[in-house]
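Asks: Please find protein.cif (mmCIF, C-alpha atoms and all ligand atoms) on the next line:
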data_protein
#
loop_
_atom_site.label_atom_id
_atom_site.label_comp_id
_atom_site.auth_asym_id
_atom_site.auth_seq_id
_atom_site.Cartn_x
_atom_site.Cartn_y
_atom_site.Cartn_z
CA MET H 1 35.81 -68.49 46.14
CA ARG H 2 38.23 -67.56 48.95
CA ASP H 3 40.80 -70.28 49.66
CA PRO H 4 40.03 -71.50 53.13
CA PHE H 5 41.58 -74.96 52.78
CA PRO H 6 44.64 -74.88 55.04
CA LYS H 7 42.86 -73.42 58.08
CA PHE H 8 39.77 -75.45 57.37
CA LYS H 9 41.72 -78.69 57.26
CA GLN H 10 43.16 -77.95 60.68
CA LEU H 11 39.75 -77.24 62.13
CA LEU H 12 38.29 -80.41 60.65
CA LYS H 13 41.13 -82.44 62.11
CA LYS H 14 40.30 -81.44 65.66
CA THR H 15 36.51 -81.62 65.25
CA GLY H 16 34.64 -84.75 66.30
CA LYS H 17 30.94 -84.00 66.22
CA ILE H 18 29.55 -82.61 63.00
CA VAL H 19 26.01 -81.75 61.91
CA ILE H 20 24.95 -81.07 58.33
CA VAL H 21 21.80 -79.07 57.60
CA THR H 22 20.10 -78.09 54.36
CA HIS H 23 17.17 -75.93 53.30
CA TRP H 24 13.39 -76.14 53.73
CA ASN H 25 11.72 -78.41 51.16
CA PRO H 26 15.02 -80.07 50.26
CA ASP H 27 15.57 -80.89 46.58
CA GLY H 28 17.96 -83.26 44.79
CA ASP H 29 20.95 -80.98 45.20
CA ALA H 30 20.21 -80.32 48.88
CA ILE H 31 19.87 -84.01 49.75
CA GLY H 32 22.57 -85.15 47.30
CA SER H 33 25.25 -82.72 48.47
CA SER H 34 24.45 -83.27 52.15
CA LEU H 35 24.46 -87.07 51.92
CA ALA H 36 27.68 -87.04 49.87
CA LEU H 37 29.38 -84.90 52.51
CA TYR H 38 27.84 -87.10 55.24
CA HIS H 39 29.29 -90.30 53.74
CA TYR H 40 32.66 -88.67 53.10
CA LEU H 41 33.03 -87.29 56.64
CA LYS H 42 31.95 -90.65 58.10
CA LYS H 43 34.68 -92.32 56.07
CA THR H 44 37.22 -89.96 57.63
CA GLY H 45 36.13 -91.14 61.08
CA LYS H 46 33.85 -88.29 62.15
CA SER H 47 30.59 -88.50 64.04
CA VAL H 48 28.12 -86.95 61.59
CA GLU H 49 24.40 -86.25 61.63
CA PHE H 50 22.25 -84.78 58.87
CA ILE H 51 19.18 -82.73 59.81
CA VAL H 52 16.53 -81.48 57.35
CA PRO H 53 13.98 -78.78 58.33
CA ASN H 54 11.09 -80.78 56.81
CA SER H 55 10.49 -83.80 54.62
CA PHE H 56 11.85 -84.31 51.10
CA PRO H 57 10.16 -85.79 48.00
CA GLU H 58 9.65 -89.53 47.79
CA PHE H 59 11.66 -89.71 44.54
CA LEU H 60 14.83 -89.11 46.56
CA ASN H 61 14.19 -91.95 49.03
CA TRP H 62 16.41 -94.38 47.12
CA MET H 63 19.53 -92.34 47.84
CA PRO H 64 22.09 -94.05 50.08
CA GLY H 65 21.77 -92.80 53.66
CA THR H 66 18.25 -91.34 53.61
CA GLY H 67 17.29 -93.66 56.47
CA LYS H 68 19.74 -91.79 58.72
CA ILE H 69 18.28 -88.33 58.06
CA VAL H 70 16.78 -86.53 61.08
CA ASN H 71 13.64 -84.50 60.24
CA PHE H 72 13.40 -81.40 62.47
CA GLU H 73 9.66 -81.18 61.93
CA THR H 74 8.93 -84.67 63.25
CA GLN H 75 12.00 -85.30 65.46
CA GLU H 76 12.59 -81.88 66.99
CA ASN H 77 13.92 -83.05 70.37
CA LYS H 78 16.44 -85.38 68.79
CA ALA H 79 17.55 -82.64 66.41
CA LEU H 80 17.91 -80.09 69.23
CA LYS H 81 20.13 -82.49 71.21
CA LEU H 82 22.34 -83.14 68.20
CA LEU H 83 22.66 -79.43 67.46
CA ALA H 84 23.52 -78.64 71.10
CA LYS H 85 26.38 -81.14 70.98
CA ALA H 86 27.68 -80.18 67.53
CA GLU H 87 31.14 -78.63 67.27
CA LEU H 88 30.83 -77.82 63.60
CA ILE H 89 27.73 -77.27 61.46
CA PHE H 90 27.81 -77.49 57.67
CA THR H 91 25.02 -75.51 55.99
CA LEU H 92 24.44 -76.74 52.45
CA ASP H 93 22.61 -75.37 49.41
CA PHE H 94 21.27 -72.22 51.11
CA ASN H 95 22.79 -69.06 52.51
CA ALA H 96 20.26 -67.39 54.81
CA PHE H 97 18.92 -68.85 58.08
CA LYS H 98 15.37 -67.97 57.11
CA ARG H 99 15.59 -70.70 54.44
CA LEU H 100 15.34 -73.18 57.34
CA GLU H 101 12.22 -71.69 58.94
CA LYS H 102 12.22 -72.61 62.67
CA LEU H 103 15.42 -74.66 62.43
CA GLY H 104 17.13 -71.44 61.32
CA GLU H 105 16.35 -69.75 64.62
CA VAL H 106 17.91 -72.68 66.48
CA LEU H 107 20.97 -72.59 64.26
CA ALA H 108 21.49 -68.88 64.81
CA SER H 109 21.79 -69.49 68.55
CA THR H 110 24.18 -72.47 68.46
CA PRO H 111 27.79 -71.79 69.44
CA ALA H 112 29.17 -74.29 66.90
CA LYS H 113 31.33 -72.98 64.09
CA LYS H 114 29.46 -72.80 60.78
CA VAL H 115 30.57 -73.74 57.29
CA LEU H 116 28.61 -72.48 54.29
CA ILE H 117 28.68 -74.47 51.04
CA ASP H 118 26.38 -72.90 48.51
CA HIS H 119 25.86 -71.48 45.02
CA HIS H 120 22.90 -69.10 45.54
CA ARG H 121 23.21 -65.35 45.22
CA GLN H 122 23.73 -62.80 48.02
CA PRO H 123 24.85 -64.99 50.94
CA GLU H 124 24.36 -63.86 54.52
CA ASN H 125 27.49 -63.49 56.55
CA TYR H 126 26.92 -66.12 59.26
CA ALA H 127 29.66 -68.59 58.35
CA ASP H 128 33.14 -69.02 59.79
CA TYR H 129 34.13 -70.86 56.61
CA PHE H 130 32.77 -70.01 53.25
CA PHE H 131 32.74 -72.23 50.16
CA HIS H 132 30.57 -70.17 47.87
CA ASP H 133 30.45 -69.76 44.12
CA ILE H 134 27.41 -68.51 42.23
CA HIS H 135 28.90 -69.94 39.05
CA ALA H 136 28.87 -73.49 40.40
CA SER H 137 26.17 -75.58 38.73
CA SER H 138 25.17 -77.07 42.06
CA THR H 139 26.17 -77.45 45.67
CA CYS H 140 27.18 -81.00 44.71
CA GLU H 141 29.86 -79.50 42.44
CA LEU H 142 31.20 -77.51 45.41
CA VAL H 143 31.15 -80.55 47.71
CA TYR H 144 33.09 -82.49 45.07
CA GLU H 145 35.68 -79.70 44.95
CA LEU H 146 35.82 -79.53 48.73
CA ILE H 147 36.50 -83.26 49.01
CA VAL H 148 39.19 -83.02 46.33
CA GLY H 149 40.64 -79.94 48.06
CA LEU H 150 40.86 -81.94 51.28
CA LYS H 151 42.80 -84.62 49.35
CA GLY H 152 39.90 -87.01 49.76
CA LYS H 153 39.24 -87.88 46.12
CA ASP H 154 40.18 -91.52 46.68
CA LEU H 155 37.39 -91.77 49.24
CA ILE H 156 34.73 -90.92 46.63
CA ASP H 157 33.07 -94.30 46.23
CA LYS H 158 29.93 -95.34 44.36
CA LYS H 159 27.67 -94.19 47.19
CA ILE H 160 29.15 -90.69 47.36
CA ALA H 161 29.29 -90.47 43.56
CA ALA H 162 25.60 -91.40 43.22
CA CYS H 163 24.65 -88.63 45.67
CA LEU H 164 26.78 -86.04 43.86
CA TYR H 165 25.57 -87.13 40.43
CA THR H 166 21.96 -86.72 41.55
CA GLY H 167 22.38 -83.12 42.67
CA LEU H 168 24.37 -82.22 39.56
CA MET H 169 21.62 -83.75 37.45
CA THR H 170 18.61 -82.18 39.20
CA ASP H 171 20.11 -78.67 39.55
CA THR H 172 21.13 -78.49 35.89
CA GLY H 173 17.92 -79.79 34.30
CA SER H 174 19.89 -82.95 33.42
CA PHE H 175 22.97 -81.02 32.31
CA LYS H 176 21.35 -78.49 30.02
CA PHE H 177 21.33 -75.19 31.95
CA SER H 178 23.80 -72.38 31.24
CA SER H 179 25.61 -73.20 34.50
CA VAL H 180 26.98 -76.37 32.87
CA ASN H 181 30.54 -76.10 31.58
CA THR H 182 33.64 -78.21 30.96
CA LYS H 183 34.32 -78.48 34.69
CA THR H 184 30.84 -79.87 35.32
CA HIS H 185 31.41 -82.56 32.71
CA GLN H 186 34.89 -83.32 34.03
CA ILE H 187 33.42 -83.88 37.49
CA LEU H 188 30.69 -86.09 36.01
CA ALA H 189 33.34 -88.13 34.20
CA GLU H 190 35.22 -88.65 37.48
CA LEU H 191 32.01 -89.70 39.20
CA LEU H 192 31.21 -92.20 36.43
CA LYS H 193 34.61 -93.84 36.98
CA THR H 194 33.34 -95.12 40.34
CA GLY H 195 30.91 -97.38 38.48
CA ILE H 196 27.64 -95.54 39.11
CA GLN H 197 24.91 -96.18 36.56
CA PRO H 198 23.62 -92.82 35.25
CA GLN H 199 20.65 -94.41 33.53
CA ALA H 200 19.51 -95.97 36.81
CA ILE H 201 19.84 -92.64 38.64
CA HIS H 202 17.87 -90.75 35.98
CA SER H 203 15.21 -93.41 36.10
CA ALA H 204 15.02 -93.45 39.90
CA VAL H 205 14.46 -89.68 40.01
CA TYR H 206 12.42 -88.99 36.90
CA ASP H 207 10.58 -92.20 36.00
CA ASN H 208 8.67 -92.50 39.21
CA TYR H 209 5.63 -90.26 38.77
CA SER H 210 2.36 -91.48 40.14
CA ALA H 211 -0.43 -91.51 37.56
CA HIS H 212 -1.99 -88.64 39.59
CA ARG H 213 1.14 -86.55 39.21
CA LEU H 214 1.27 -87.01 35.45
CA ARG H 215 -2.43 -86.15 35.21
CA LEU H 216 -1.84 -83.02 37.32
CA PHE H 217 0.79 -81.94 34.76
CA GLY H 218 -1.68 -82.65 31.96
CA TYR H 219 -4.40 -80.64 33.70
CA ALA H 220 -2.06 -77.72 34.41
CA LEU H 221 -0.82 -77.65 30.82
CA SER H 222 -4.23 -77.87 29.19
CA GLU H 223 -6.37 -75.88 31.64
CA LYS H 224 -4.15 -73.64 33.75
CA LEU H 225 -1.42 -72.25 31.52
CA ARG H 226 -1.62 -68.45 31.26
CA LEU H 227 0.28 -66.41 28.68
CA VAL H 228 0.87 -62.75 29.51
CA LYS H 229 -0.07 -60.23 26.87
CA ASP H 230 2.84 -58.02 25.71
CA TYR H 231 5.47 -59.92 27.71
CA PRO H 232 7.26 -63.23 26.99
CA VAL H 233 5.89 -64.70 30.21
CA ALA H 234 3.85 -67.81 30.98
CA TYR H 235 2.66 -69.07 34.34
CA PHE H 236 0.40 -71.40 36.26
CA CYS H 237 -1.70 -70.84 39.39
CA LEU H 238 -2.77 -74.01 41.20
CA LYS H 239 -5.33 -73.91 43.98
CA ALA H 240 -5.15 -76.22 46.99
CA GLU H 241 -8.42 -77.77 45.88
CA GLU H 242 -6.97 -78.58 42.45
CA LEU H 243 -3.84 -80.11 43.94
CA LYS H 244 -6.01 -82.19 46.25
CA ARG H 245 -8.03 -83.43 43.30
CA PHE H 246 -4.82 -84.99 41.97
CA GLU H 247 -3.83 -86.39 45.39
CA PHE H 248 -0.88 -84.02 45.59
CA GLN H 249 2.23 -85.33 47.32
CA LYS H 250 5.32 -83.31 48.15
CA GLY H 251 7.45 -82.81 45.02
CA ASP H 252 4.59 -83.46 42.60
CA THR H 253 4.81 -80.03 40.95
CA GLU H 254 8.61 -80.18 40.67
CA GLY H 255 9.60 -79.53 37.05
CA LEU H 256 6.21 -78.22 35.96
CA VAL H 257 7.38 -74.59 35.98
CA ASN H 258 9.81 -75.26 33.10
CA TYR H 259 7.31 -76.57 30.58
CA PRO H 260 6.21 -73.20 29.10
CA PHE H 261 9.80 -72.66 27.89
CA MET H 262 8.86 -75.11 25.15
CA ILE H 263 6.72 -72.31 23.69
CA LYS H 264 8.77 -70.31 21.22
CA GLY H 265 9.89 -66.96 22.65
CA ILE H 266 9.00 -67.52 26.32
CA GLU H 267 11.65 -66.01 28.62
CA VAL H 268 10.04 -66.23 32.05
CA CYS H 269 7.96 -68.99 33.62
CA ALA H 270 6.29 -68.97 37.00
CA LEU H 271 4.33 -71.36 39.15
CA PHE H 272 2.14 -70.28 42.05
CA SER H 273 0.73 -73.08 44.16
CA GLU H 274 -1.33 -73.03 47.32
CA SER H 275 0.51 -75.14 49.87
CA GLU H 276 0.38 -75.35 53.66
CA GLY H 277 -1.61 -72.16 54.04
CA MET H 278 0.58 -70.00 51.83
CA ILE H 279 1.52 -69.57 48.20
CA LYS H 280 4.70 -71.31 47.12
CA ILE H 281 6.30 -69.59 44.15
CA SER H 282 8.82 -70.75 41.55
CA PHE H 283 10.37 -68.50 38.91
CA ARG H 284 12.54 -69.51 35.96
CA SER H 285 14.09 -67.26 33.32
CA LYS H 286 16.37 -67.29 30.33
CA GLY H 287 19.45 -65.20 29.60
CA LYS H 288 19.94 -62.01 31.56
CA VAL H 289 16.42 -61.78 33.01
CA ASP H 290 17.06 -61.75 36.77
CA VAL H 291 14.44 -63.66 38.73
CA ASN H 292 16.62 -63.72 41.87
CA THR H 293 16.29 -59.95 42.32
CA PHE H 294 12.62 -60.11 41.34
CA ALA H 295 11.83 -62.86 43.88
CA ARG H 296 13.82 -61.04 46.56
CA THR H 297 12.19 -57.68 45.89
CA TYR H 298 8.55 -58.71 45.62
CA PHE H 299 8.09 -62.27 46.85
CA ASN H 300 10.13 -62.77 50.01
CA GLY H 301 12.50 -65.15 48.25
CA GLY H 302 15.63 -65.42 46.13
CA GLY H 303 17.86 -68.02 44.50
CA HIS H 304 19.77 -67.83 41.26
CA LEU H 305 19.72 -65.45 38.28
CA ASN H 306 17.62 -67.91 36.23
CA ALA H 307 15.88 -69.97 38.94
CA ALA H 308 14.43 -68.56 42.11
CA GLY H 309 11.66 -69.17 44.56
CA GLY H 310 9.59 -67.27 47.06
CA LYS H 311 6.40 -67.27 49.05
CA SER H 312 3.37 -65.13 49.67
CA LYS H 313 0.95 -64.99 52.56
CA GLU H 314 -1.66 -63.24 50.44
CA SER H 315 -4.34 -65.11 48.48
CA LEU H 316 -3.54 -66.86 45.23
CA GLU H 317 -5.48 -64.17 43.32
CA ALA H 318 -3.69 -61.29 45.08
CA THR H 319 -0.32 -62.96 44.51
CA GLU H 320 -1.07 -63.43 40.83
CA GLN H 321 -2.12 -59.78 40.57
CA LYS H 322 1.08 -58.63 42.26
CA PHE H 323 3.06 -60.70 39.76
CA LEU H 324 1.20 -59.14 36.84
CA ASP H 325 1.69 -55.65 38.31
CA THR H 326 5.45 -56.07 38.86
CA LEU H 327 6.63 -58.23 35.99
CA ASN H 328 7.47 -55.19 33.87
CA THR H 329 10.48 -54.71 36.19
CA LEU H 330 11.96 -57.95 34.83
CA PHE H 331 12.49 -56.51 31.37
P1 LIG F 401 12.27 -73.93 43.32
O1 LIG F 401 11.49 -73.06 42.41
O2 LIG F 401 12.77 -75.16 42.63
O3 LIG F 401 11.58 -74.20 44.62
O4 LIG F 401 13.56 -73.09 43.70
C1 LIG F 401 14.41 -72.51 42.73
C2 LIG F 401 15.68 -72.02 43.39
O5 LIG F 401 15.38 -70.94 44.27
C3 LIG F 401 16.37 -73.09 44.25
O6 LIG F 401 17.75 -72.94 44.09
C4 LIG F 401 15.93 -72.75 45.64
O7 LIG F 401 16.90 -73.13 46.56
C5 LIG F 401 15.72 -71.26 45.60
N1 LIG F 401 14.59 -70.87 46.44
C6 LIG F 401 13.35 -71.43 46.46
N2 LIG F 401 12.54 -70.82 47.34
C7 LIG F 401 13.28 -69.85 47.93
C8 LIG F 401 13.01 -68.88 48.95
O8 LIG F 401 11.92 -68.79 49.51
N3 LIG F 401 14.06 -68.05 49.28
C9 LIG F 401 15.28 -68.13 48.69
N4 LIG F 401 16.25 -67.28 49.07
N5 LIG F 401 15.56 -69.04 47.73
C10 LIG F 401 14.58 -69.88 47.35
MN MN F 402 21.35 -76.20 44.54
#
Would you mind writing the file's structure down as structure tokens?
Replies:
Amino acid sequence: MRDPFPKFKQLLKKTGKIVIVTHWNPDGDAIGSSLALYHYLKKTGKSVEFIVPNSFPEFLNWMPGTGKIVNFETQENKALKLLAKAELIFTLDFNAFKRLEKLGEVLASTPAKKVLIDHHRQPENYADYFFHDIHASSTCELVYELIVGLKGKDLIDKKIAACLYTGLMTDTGSFKFSSVNTKTHQILAELLKTGIQPQAIHSAVYDNYSAHRLRLFGYALSEKLRLVKDYPVAYFCLKAEELKRFEFQKGDTEGLVNYPFMIKGIEVCALFSESEGMIKISFRSKGKVDVNTFARTYFNGGGHLNAAGGKSKESLEATEQKFLDTLNTLF
């Protein structure tokens, strides 16, 4: 990570109007890091707005500040006005404008200075300030370090800590991925000192399935799990009609992709689901198997070494076939 603090501090000092944006289909880290930064900047006296490209899962609704979030998809005019007035735009948990869909095109044409805070691989070069580390467990970890670097640690209250804890938790599979290290746990310890209740946060995020969602998982596991012959790969394909049968809501398939890792020897898991007229794809891997490059090369996506996503405009069957035809390149 370059050290942009001194210049960045100066810029922040003279900036009044700030907008924070995060990626399409925001997850716990996207919403957590953005809301934490939002609350922190507000506490330092800034005018701050947080815009998402589209809606986020219901299981994040409890987070402090979600009521203030502007949704570009449903409040485009409001969002455009805020972006036109912004002096500084923070872009969190992504590193390529295309991760914002239409909002990305707007962003590319705004004159405001841009700040990138992210931990995904191969960032685009759009930012004036760059807080990027692919070894960070989460964007929340980077936001924590940014706040500390700005000498703002004392401003981290329970609200900010709960947001940061959530992103750290969701992006690390509850602190079990290889990205977790001593620093991650030291940050968590500092966050706990604010009085947040980890058990309540875990419960708010994970113990809130609808019965339909749990049954969808059951159906996928018993009926839809495919194991690839000759490769340590398991995957699911879910049709729109199947998702509809289980009254699919945004976020309902989150986490499903990881389940096949419970099978001894599995190194790559994938989930293909028909959503909004295209195929949404999730890849997960273990060890050195690089799903970021794979998703980038064949599925119009990217992400991390061991967790990446993508999309396909072909049919579910054609997408599955392409996966089967290309997965040899993973090994
Ligand atoms: P998920 O499978 O949970 O949707 O995403 C896994 C990881 O890959 C996340 O860090 C996410 O931000 C990233 N990701 C998901 N979809 C895409 C995509 O279409 N393009 C890129 N570059 N990254 C993605
Ligand atoms: Mn993240």
Asks: So how many Å separate atom CA of H:Lys183 and atom CA of H:Cys140, to one decimal?
Replies: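 Distance reported for this atom pair: 12.6 Å.
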Asks: Residues contacting ligand MN 402 (chain F) - anything with an atom at most 7 Å away, using only C-alpha atoms and all ligand atoms - can you give me those as a list of chain:residue names?
Replies: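 The residues near ligand MN 402 (chain F) are H:Asp29, H:Ala30, H:Asp93, H:His119, H:Ser138, H:Thr139, H:Asp171.
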Asks: Could you list the protein, DNA and RNA residues that have any atom within 9 Å of ligand LIG 401 (chain F), counting only C-alpha atoms and all ligand atoms, and write them as a ChimeraX atom specification?
Replies: /H:23-27,29-30,93-96,98-99,119-122,138,171,254-255,257,270-271,280-284,292,295-296,299-304,306-311
Asks: Name the residues in contact with stretch 41-52 of chain H at a cut-off of 10 Å, using all atoms listed in the file, excluding same-chain residues fewer than 3 positions from it; report them as a ChimeraX atom specification.
Replies: /H:12-13,15-26,30-31,34-38,55-56,65-66,68-73,75-76,78-80,82-83,86,88-90,100,103,147,152,155-156
Asks: With only C-alpha atoms as the counted atoms, please give the residues lying no more than 10 Å from H:Glu320, apart from itself and same-chain residues fewer than 3 positions off, as an NGL selection string.
Replies: :H and (235-237 or 270-272 or 279 or 314-317 or 323-325)
Asks: Between H:Val291, H:Leu150, H:Met262, H:Ala318, which has the minimum distance to H:Leu11 (counting all atoms listed in the file)?
Replies: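 The answer is H:Leu150, which sits nearest to H:Leu11.
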Asks: In Å to one decimal, how far is atom CA of H:Ala234 from atom CA of H:Asp118?
Replies: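 Interatomic distance here is 29.0 Å.
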Asks: Which one of H:Tyr259, H:Thr170, H:Asn208, H:Glu241 sits closest to H:Ser222 if you count all atoms listed in the file?
Replies: H:Tyr259
Asks: What does the distance between atom CA of H:Lys244 and atom CA of H:Val268 come to in Å, to one decimal place?
Replies: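 So the two atoms, atom CA of H:Lys244 and atom CA of H:Val268, lie 26.7 Å apart.
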Asks: Give the answer as one residue: which of H:Ala220, H:Val233, H:Leu256, H:Leu243 has the shortest atom-to-atom distance to H:Cys269, using all atoms listed in the file?
Replies: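 Smallest separation from H:Cys269 among the options: H:Val233.
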Asks: For H:Thr110, which residue out of H:Arg245, H:Gly195, H:Ala84, H:Pro64 is the nearest one, using only C-alpha atoms?
Replies: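 Checking each of H:Arg245, H:Gly195, H:Ala84, H:Pro64 against H:Thr110, counting only C-alpha atoms, the winner is H:Ala84.
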Asks: I need the residue nearest H:Val205 from this list: H:Gln10, H:Thr253, H:Thr166, H:Asn125. Use only C-alpha atoms for the distance.
Replies: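 Counting only C-alpha atoms, the residue closest to H:Val205 is H:Thr166.
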Asks: Using all atoms listed in the file for the distances, tell me which of H:Pro6, H:Trp62, H:Ala136, H:Ile117 is nearest to H:Ser203.
Replies: H:Trp62
Asks: Can you tell me which residues surround stretch 211-215 of chain H at a distance of at most 9 Å, considering only C-alpha atoms, apart from same-chain residues fewer than 2 positions away, and format the answer as a list in words?
Replies: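 The residues satisfying every condition are Tyr209, Phe217, Gly218, Tyr219, Ala220, Arg245, Phe246, Glu247, Phe248, Gln249, Asp252 and Thr253 of chain H.
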Asks: Could stretch 66-79 of chain H be completed with N, CA, C and O atoms and returned as a tab-separated table (two decimals), keeping the file's coordinate frame?
Replies:
chain	number	residue	atom	x	y	z
H	66	THR	N	19.45	-92.10	53.24
H	66	THR	CA	18.25	-91.34	53.61
H	66	THR	C	17.63	-91.84	54.92
H	66	THR	O	17.00	-91.06	55.64
H	67	GLY	N	17.84	-93.11	55.23
H	67	GLY	CA	17.29	-93.66	56.47
H	67	GLY	C	17.89	-93.03	57.72
H	67	GLY	O	17.31	-93.09	58.81
H	68	LYS	N	19.04	-92.39	57.58
H	68	LYS	CA	19.74	-91.79	58.72
H	68	LYS	C	19.36	-90.32	58.92
H	68	LYS	O	19.78	-89.67	59.88
H	69	ILE	N	18.58	-89.76	58.00
H	69	ILE	CA	18.28	-88.33	58.06
H	69	ILE	C	17.32	-88.01	59.20
H	69	ILE	O	16.32	-88.70	59.38
H	70	VAL	N	17.65	-86.97	59.98
H	70	VAL	CA	16.78	-86.53	61.08
H	70	VAL	C	15.91	-85.38	60.56
H	70	VAL	O	16.43	-84.39	60.02
H	71	ASN	N	14.58	-85.52	60.71
H	71	ASN	CA	13.64	-84.50	60.24
H	71	ASN	C	13.25	-83.60	61.41
H	71	ASN	O	12.61	-84.05	62.36
H	72	PHE	N	13.65	-82.34	61.36
H	72	PHE	CA	13.40	-81.40	62.47
H	72	PHE	C	11.91	-81.28	62.78
H	72	PHE	O	11.53	-81.12	63.93
H	73	GLU	N	11.09	-81.36	61.74
H	73	GLU	CA	9.66	-81.18	61.93
H	73	GLU	C	9.04	-82.31	62.76
H	73	GLU	O	8.15	-82.08	63.57
H	74	THR	N	9.52	-83.52	62.54
H	74	THR	CA	8.93	-84.67	63.25
H	74	THR	C	9.81	-85.20	64.38
H	74	THR	O	9.36	-86.01	65.18
H	75	GLN	N	11.09	-84.79	64.43
H	75	GLN	CA	12.00	-85.30	65.46
H	75	GLN	C	12.75	-84.12	66.11
H	75	GLN	O	13.98	-84.13	66.22
H	76	GLU	N	11.97	-83.12	66.52
H	76	GLU	CA	12.59	-81.88	66.99
H	76	GLU	C	13.52	-82.08	68.19
H	76	GLU	O	14.64	-81.55	68.22
H	77	ASN	N	13.09	-82.87	69.17
H	77	ASN	CA	13.92	-83.05	70.37
H	77	ASN	C	15.25	-83.69	70.04
H	77	ASN	O	16.30	-83.25	70.53
H	78	LYS	N	15.20	-84.71	69.21
H	78	LYS	CA	16.44	-85.38	68.79
H	78	LYS	C	17.36	-84.38	68.09
H	78	LYS	O	18.56	-84.30	68.37
H	79	ALA	N	16.76	-83.61	67.17
H	79	ALA	CA	17.55	-82.64	66.41
H	79	ALA	C	18.18	-81.59	67.33
H	79	ALA	O	19.36	-81.23	67.18
